[in-house]
Amino acid sequence: MTLELTTVPLQAYLALAAILFCTGVWGLINSRNAVRVLMSIELMLNAVNINLMAFSSYVDGQLIRGQVFAIFVITVAAAEAAVGLAILLSLYRNRETVDMERFNLLRW
Amino acid sequence: MTIASSTQFICFVALSAAVAIGALGVVLLPNIVYSAFLLGGVFLSVAGLYLLLNASFVAAAQILVYVGAVNVLILFAIMLVNKKENLAAIPGLALRRVLSGAVCAGLFALLLRVAFSTPWATPGPVPLGDEATIRIGEHLFSDYLLPFELASVLLLMAMIGAIVLARRDVFASDIVTGEPADQGLIEKSRTPLLLEKRN
């Protein structure tokens, strides 16, 4: 059995991150529930983090700058989730719904 | 082919399948509680991928921050806004879904083309093993010191901002009569303009 499975290539991680990012974008556009929109944003941030970590391990193995960037991205994502859910709660109190189609106060 | 590399390959295939299927479940499942738990599964699988990439510290941070904080926060938000509502039908929803799916497929094809046609400098230096945590600490306190401090200020701002945004304006008693006032009535009387007209 001459199966060449030497190691996982960098492109496999990039393809996985692309799948995750595109799924997140689709969910961000098409979700009716506002909580699901926030979950899609978290999926996209995780896709970016996978890219950073893959480059950090494959290209920049000694100065692991990608891991430091991933830690900063995780920090910002935590802050974003807290503020986003607080905005969502306040919005729910005003409009009494979480339907994205009815948050149309700023629609042209 | 060593045993370690084949084990690594099998782990990568299993974890990436879990990530892809879990992400599709997060986006597509009708019940949002299932979506939230699947999101936790996706975060755990991504942490496993970080372990495969020689980054144990970031994997631990991923589990602590994402699974322990963000996912629990999302579950609390689902619990707080949990009202059964029948979503009104939107004209052209199917067309919009198909169009956005086509746009996302195009974006995916573009990303794949970039990933597979760029000559990456892939046999880079040998990745650090367990010393990665030490190196991250050196980075955070030497050349990334300013972003580190800014991140702490950002977290403080986000914490105060979340509290201010999500808190109710509590009036324990009515100002004029001194009677205890009902919080729901205060909010209803304060925000009638934002509520849509119901027929």
# chains A, B, ... in the order shown; residues from 1 in each chain; ligands from 1
>>> select_by_dssp(residues="chain B", states="alpha helix (DSSP H)", output="PyMOL selection string")
chain B and resi 3-28+32-52+56-62+71-80+93-117+132-141+145-166+183-190
>>> residues_around(residues="segment 88-92 of chain A", least_positions_apart="6", cutoff="8 Å", atoms="only C-alpha atoms", output="VMD selection string")
(chain A and resid 34 to 35 98) or (chain B and resid 77 80 to 81 165 to 166)
>>> write_last_selection(atoms="N, CA, C and O atoms", output="mmCIF file, in the first residue's frame")
data_model
loop_
_atom_site.group_PDB
_atom_site.id
_atom_site.type_symbol
_atom_site.label_atom_id
_atom_site.label_comp_id
_atom_site.auth_asym_id
_atom_site.auth_seq_id
_atom_site.Cartn_x
_atom_site.Cartn_y
_atom_site.Cartn_z
ATOM 1 N N ALA A 34 -31.386 36.528 15.772
ATOM 2 C CA ALA A 34 -30.225 37.378 16.004
ATOM 3 C C ALA A 34 -29.120 36.645 16.756
ATOM 4 O O ALA A 34 -27.935 36.930 16.555
ATOM 5 N N VAL A 35 -29.486 35.679 17.610
ATOM 6 C CA VAL A 35 -28.450 34.929 18.332
ATOM 7 C C VAL A 35 -27.645 34.080 17.358
ATOM 8 O O VAL A 35 -26.424 33.930 17.484
ATOM 9 N N VAL A 98 -36.653 38.725 18.198
ATOM 10 C CA VAL A 98 -35.264 38.556 17.781
ATOM 11 C C VAL A 98 -35.195 38.311 16.278
ATOM 12 O O VAL A 98 -34.173 37.873 15.767
ATOM 13 N N ALA B 77 -28.024 33.980 26.694
ATOM 14 C CA ALA B 77 -28.793 34.891 25.841
ATOM 15 C C ALA B 77 -29.991 34.176 25.242
ATOM 16 O O ALA B 77 -31.092 34.727 25.177
ATOM 17 N N LEU B 80 -32.575 33.989 27.839
ATOM 18 C CA LEU B 80 -33.227 35.257 28.164
ATOM 19 C C LEU B 80 -34.155 35.739 27.068
ATOM 20 O O LEU B 80 -35.123 36.442 27.352
ATOM 21 N N VAL B 81 -33.887 35.407 25.820
ATOM 22 C CA VAL B 81 -34.755 35.889 24.742
ATOM 23 C C VAL B 81 -35.607 34.753 24.192
ATOM 24 O O VAL B 81 -36.059 34.792 23.073
ATOM 25 N N LEU B 165 -25.271 48.499 28.810
ATOM 26 C CA LEU B 165 -26.259 48.243 27.770
ATOM 27 C C LEU B 165 -27.360 47.317 28.238
ATOM 28 O O LEU B 165 -28.515 47.492 27.892
ATOM 29 N N ALA B 166 -27.010 46.321 29.037
ATOM 30 C CA ALA B 166 -27.980 45.272 29.335
ATOM 31 C C ALA B 166 -28.768 45.533 30.595
ATOM 32 O O ALA B 166 -29.719 44.829 30.864
#
>>> closest_residue(among="B:Pro119, B:Gly25, B:Pro91, B:Gly101", to="chain A", atoms="only C-alpha atoms")
B:Gly101
>>> residues_around(residues="segment 102-104 of chain B", least_positions_apart="5", cutoff="7 Å", atoms="only C-alpha atoms", output="list in words")
Cys22, Val25 and Trp26 of chain A
>>> closest_residue(among="B:Leu145, B:Val46, B:Ala89, B:Ala94", to="Val48 of chain A", atoms="only C-alpha atoms")
B:Val46
>>> closest_residue(among="A:Leu16, A:Ala54, A:Met39, A:Leu106", to="Leu75 of chain B", atoms="only C-alpha atoms")
A:Met39
>>> decode(residues="segment 33-55 of chain A", atoms="C-alpha atoms", output="mmCIF file, in the first residue's frame")
data_model
loop_
_atom_site.group_PDB
_atom_site.id
_atom_site.type_symbol
_atom_site.label_atom_id
_atom_site.label_comp_id
_atom_site.auth_asym_id
_atom_site.auth_seq_id
_atom_site.Cartn_x
_atom_site.Cartn_y
_atom_site.Cartn_z
ATOM 1 C CA ASN A 33 -32.585 34.728 14.647
ATOM 2 C CA ALA A 34 -30.225 37.378 16.004
ATOM 3 C CA VAL A 35 -28.450 34.929 18.332
ATOM 4 C CA ARG A 36 -27.608 32.744 15.347
ATOM 5 C CA VAL A 37 -26.062 35.772 13.634
ATOM 6 C CA LEU A 38 -23.713 36.162 16.610
ATOM 7 C CA MET A 39 -22.874 32.446 16.423
ATOM 8 C CA SER A 40 -22.014 32.827 12.723
ATOM 9 C CA ILE A 41 -19.658 35.684 13.583
ATOM 10 C CA GLU A 42 -17.920 33.401 16.088
ATOM 11 C CA LEU A 43 -17.554 30.755 13.373
ATOM 12 C CA MET A 44 -15.878 33.267 11.068
ATOM 13 C CA LEU A 45 -13.489 34.391 13.807
ATOM 14 C CA ASN A 46 -12.541 30.773 14.441
ATOM 15 C CA ALA A 47 -11.822 30.280 10.748
ATOM 16 C CA VAL A 48 -9.424 33.222 10.809
ATOM 17 C CA ASN A 49 -7.788 31.789 13.917
ATOM 18 C CA ILE A 50 -7.236 28.431 12.211
ATOM 19 C CA ASN A 51 -5.475 30.264 9.372
ATOM 20 C CA LEU A 52 -3.245 32.188 11.794
ATOM 21 C CA MET A 53 -2.304 29.079 13.744
ATOM 22 C CA ALA A 54 -1.574 27.065 10.593
ATOM 23 C CA PHE A 55 0.749 29.743 9.225
#
